[in-house]
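Working notes, structure below.
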Amino acid sequence: MAKKIDFKKERKTLFQPPVGDFVEVDVPAMRFVMVDGNGDPNTVTSYREALEWLYTVSYAMKFAAKNEFDRDYVVPPLEGLWWAEDPADFILRNKDRWSWTMMILVPDFVTEEMFCTARDKAAQKLGSAPKTSRLASLAEGRCLQTMHIGSYDDEGPTLARLHDEIMPRSDLTFNGPHHEIYISDPRRVAPDRLKTVLRQPVRPSEM
């Protein structure tokens, strides 16, 4: 039986940064199943529907890979790209003004055909696929990241320190949207114990 791949363990530098301290990491291009949306994730139905789609498709691809290639893997944690026209809206948690791309990592051996088949199977259960559902590559390159312990709504001070102190001190600026990786399952872990990777793609500031 083939060894089950667990990306959280095999790519520790990406999924297990230190708590409290921002460290630099070079993030390679990776493939994800993605769905876009906007609005408060706590209230808009499109967010819940996006997550249903991502997990249903991801597990269908996992089982297809096991059956077709005898290659098994742990479905990676949910991830999200977040942005707003005014970056202050993110720090201030004005969630109704947020845009997002929710996504789950896909191994390289999962094919486009397998994704399309999984999406068709999901449609039989959930109805029409979100228009933005896709399998796509994301290349972030140079990033700063840390592990946040606690509620999602308590991330503001940590992000403010990154934006207002750490990045200016290193002459760095934004090179992509804010990225979060949800290591903990909020259905099973208390808010004050949630583990979330906070990642920001960066580049040198223009002189």
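Naming scheme: A, B, ... for chains in displayed order of the structure tokens; residues 1 onward per chain; ligands 1 onward as shown.
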Would you list the contacts of region 36-47 of chain A as a short mmCIF file (atom, residue, chain, number, x, y, z; two decimals) with N, CA and C atoms, in the first residue's frame, taking every protein, DNA or RNA residue within 7 Å and counting only C-alpha atoms, but skipping same-chain residues closer than 4 positions in sequence?
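File written: around15.cif
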```cif
data_model
loop_
_atom_site.label_atom_id
_atom_site.label_comp_id
_atom_site.auth_asym_id
_atom_site.auth_seq_id
_atom_site.Cartn_x
_atom_site.Cartn_y
_atom_site.Cartn_z
N LEU A 51 -17.26 26.56 0.43
CA LEU A 51 -16.58 25.55 1.23
C LEU A 51 -17.15 24.16 0.98
N LYS A 95 -15.87 43.22 7.45
CA LYS A 95 -15.94 42.01 6.64
C LYS A 95 -16.86 42.13 5.44
N ASP A 96 -17.86 42.99 5.51
CA ASP A 96 -18.77 43.12 4.38
C ASP A 96 -18.07 43.73 3.16
N ARG A 97 -16.87 44.30 3.35
CA ARG A 97 -16.12 44.91 2.26
C ARG A 97 -14.99 44.02 1.76
N TRP A 98 -14.94 42.80 2.24
CA TRP A 98 -13.87 41.90 1.86
C TRP A 98 -14.19 41.14 0.58
N SER A 99 -13.13 40.77 -0.16
CA SER A 99 -13.21 39.81 -1.25
C SER A 99 -12.32 38.63 -0.87
N TRP A 100 -12.63 37.46 -1.41
CA TRP A 100 -11.87 36.28 -1.01
C TRP A 100 -11.82 35.23 -2.11
N THR A 101 -10.78 34.44 -2.04
CA THR A 101 -10.65 33.21 -2.82
C THR A 101 -10.36 32.09 -1.83
N MET A 102 -11.30 31.18 -1.67
CA MET A 102 -11.09 30.03 -0.79
C MET A 102 -10.55 28.89 -1.64
N THR A 132 -16.93 30.42 -10.54
CA THR A 132 -15.48 30.63 -10.43
C THR A 132 -14.73 29.38 -10.00
#
```
Run DSSP on the backbone and grab whatever in region 12-66 of chain A lands in strand (DSSP E or B); send it over as an NGL selection string. :A and (19 or 23-27 or 30-38)
Backbone DSSP call of helix (DSSP H, G or I) for region 81-117 of chain A, listed as a PDB file with N, CA, C and O atoms, in the first residue's frame:
```
ATOM      1  N   ALA A  88      -7.236  49.031   5.088  1.00  0.00           N
ATOM      2  CA  ALA A  88      -7.661  49.280   6.468  1.00  0.00           C
ATOM      3  C   ALA A  88      -8.918  48.494   6.814  1.00  0.00           C
ATOM      4  O   ALA A  88      -9.136  48.131   7.971  1.00  0.00           O
ATOM      5  N   ASP A  89      -9.752  48.206   5.814  1.00  0.00           N
ATOM      6  CA  ASP A  89     -10.970  47.446   6.078  1.00  0.00           C
ATOM      7  C   ASP A  89     -10.659  46.038   6.553  1.00  0.00           C
ATOM      8  O   ASP A  89     -11.467  45.420   7.265  1.00  0.00           O
ATOM      9  N   PHE A  90      -9.498  45.529   6.158  1.00  0.00           N
ATOM     10  CA  PHE A  90      -9.134  44.195   6.621  1.00  0.00           C
ATOM     11  C   PHE A  90      -8.653  44.246   8.069  1.00  0.00           C
ATOM     12  O   PHE A  90      -9.065  43.431   8.892  1.00  0.00           O
ATOM     13  N   ILE A  91      -7.813  45.214   8.376  1.00  0.00           N
ATOM     14  CA  ILE A  91      -7.317  45.348   9.752  1.00  0.00           C
ATOM     15  C   ILE A  91      -8.463  45.643  10.711  1.00  0.00           C
ATOM     16  O   ILE A  91      -8.515  45.116  11.830  1.00  0.00           O
ATOM     17  N   LYS A  95     -15.875  43.223   7.451  1.00  0.00           N
ATOM     18  CA  LYS A  95     -15.938  42.015   6.637  1.00  0.00           C
ATOM     19  C   LYS A  95     -16.858  42.129   5.438  1.00  0.00           C
ATOM     20  O   LYS A  95     -16.673  41.412   4.448  1.00  0.00           O
ATOM     21  N   ASP A  96     -17.856  42.989   5.514  1.00  0.00           N
ATOM     22  CA  ASP A  96     -18.766  43.122   4.378  1.00  0.00           C
ATOM     23  C   ASP A  96     -18.074  43.727   3.157  1.00  0.00           C
ATOM     24  O   ASP A  96     -18.595  43.656   2.041  1.00  0.00           O
ATOM     25  N   ARG A  97     -16.870  44.297   3.352  1.00  0.00           N
ATOM     26  CA  ARG A  97     -16.119  44.912   2.259  1.00  0.00           C
ATOM     27  C   ARG A  97     -14.992  44.018   1.757  1.00  0.00           C
ATOM     28  O   ARG A  97     -14.181  44.445   0.929  1.00  0.00           O
ATOM     29  N   GLU A 112      -6.298  17.430 -14.542  1.00  0.00           N
ATOM     30  CA  GLU A 112      -7.443  18.278 -14.870  1.00  0.00           C
ATOM     31  C   GLU A 112      -8.687  17.428 -15.136  1.00  0.00           C
ATOM     32  O   GLU A 112      -9.802  17.808 -14.760  1.00  0.00           O
ATOM     33  N   GLU A 113      -8.484  16.294 -15.757  1.00  0.00           N
ATOM     34  CA  GLU A 113      -9.615  15.391 -16.024  1.00  0.00           C
ATOM     35  C   GLU A 113     -10.245  14.896 -14.725  1.00  0.00           C
ATOM     36  O   GLU A 113     -11.480  14.814 -14.602  1.00  0.00           O
ATOM     37  N   MET A 114      -9.409  14.580 -13.747  1.00  0.00           N
ATOM     38  CA  MET A 114      -9.919  14.142 -12.447  1.00  0.00           C
ATOM     39  C   MET A 114     -10.694  15.258 -11.761  1.00  0.00           C
ATOM     40  O   MET A 114     -11.724  15.012 -11.116  1.00  0.00           O
ATOM     41  N   PHE A 115     -10.218  16.480 -11.904  1.00  0.00           N
ATOM     42  CA  PHE A 115     -10.938  17.614 -11.333  1.00  0.00           C
ATOM     43  C   PHE A 115     -12.310  17.763 -11.992  1.00  0.00           C
ATOM     44  O   PHE A 115     -13.323  17.956 -11.300  1.00  0.00           O
ATOM     45  N   CYS A 116     -12.364  17.695 -13.306  1.00  0.00           N
ATOM     46  CA  CYS A 116     -13.635  17.858 -14.018  1.00  0.00           C
ATOM     47  C   CYS A 116     -14.623  16.764 -13.627  1.00  0.00           C
ATOM     48  O   CYS A 116     -15.823  17.023 -13.435  1.00  0.00           O
ATOM     49  N   THR A 117     -14.119  15.536 -13.495  1.00  0.00           N
ATOM     50  CA  THR A 117     -14.983  14.429 -13.080  1.00  0.00           C
ATOM     51  C   THR A 117     -15.498  14.652 -11.663  1.00  0.00           C
ATOM     52  O   THR A 117     -16.689  14.435 -11.375  1.00  0.00           O
TER      53      THR A 117
END
```
Tell me, in Å to one decimal, how far CA of Lys12 (chain A) is from CA of Thr146 (chain A). 12.4 Å
Need the shell around region 16-24 of chain A: protein/DNA/RNA residues with any atom at most 10 Å away, counting only C-alpha atoms. Skip same-chain ones fewer than 6 positions apart. Format as a CSV table (one decimal) with C-alpha atoms, in the first residue's frame?
```csv
chain,number,residue,atom,x,y,z
A,8,LYS,CA,1.5,19.6,6.6
A,9,LYS,CA,4.2,17.2,7.7
A,142,ARG,CA,8.9,35.5,-1.2
A,143,CYS,CA,6.6,35.8,1.8
A,144,LEU,CA,6.5,36.6,5.5
A,145,GLN,CA,4.4,34.4,7.7
A,146,THR,CA,3.7,33.5,11.3
A,147,MET,CA,1.4,31.1,13.3
A,148,HIS,CA,-1.5,32.9,15.0
A,149,ILE,CA,-3.1,31.2,18.0
A,158,THR,CA,-0.6,41.0,14.5
A,161,ARG,CA,2.5,45.0,13.3
A,162,LEU,CA,3.4,43.3,10.1
A,166,ILE,CA,8.0,44.7,10.1
A,183,ILE,CA,-4.7,24.5,10.5
A,195,LYS,CA,-4.1,27.7,14.7
A,196,THR,CA,-3.9,29.9,11.6
A,197,VAL,CA,-0.9,30.5,9.3
A,198,LEU,CA,-0.9,34.2,8.4
A,199,ARG,CA,1.1,34.8,5.2
A,200,GLN,CA,1.9,37.9,3.2
A,201,PRO,CA,3.7,37.8,-0.2
A,202,VAL,CA,6.2,40.7,-0.3
```
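Among the candidate residues A:Asn67, A:Thr56, A:Thr13, A:Asn175, the one lying nearest to Asp120 (chain A) is A:Thr56, with distances computed using only C-alpha atoms.
The smallest atom-to-atom distance between Pro168 (chain A) and any of A:Val189, A:Ala29, A:Pro204, A:Ala118, using only C-alpha atoms, is found for A:Pro204.
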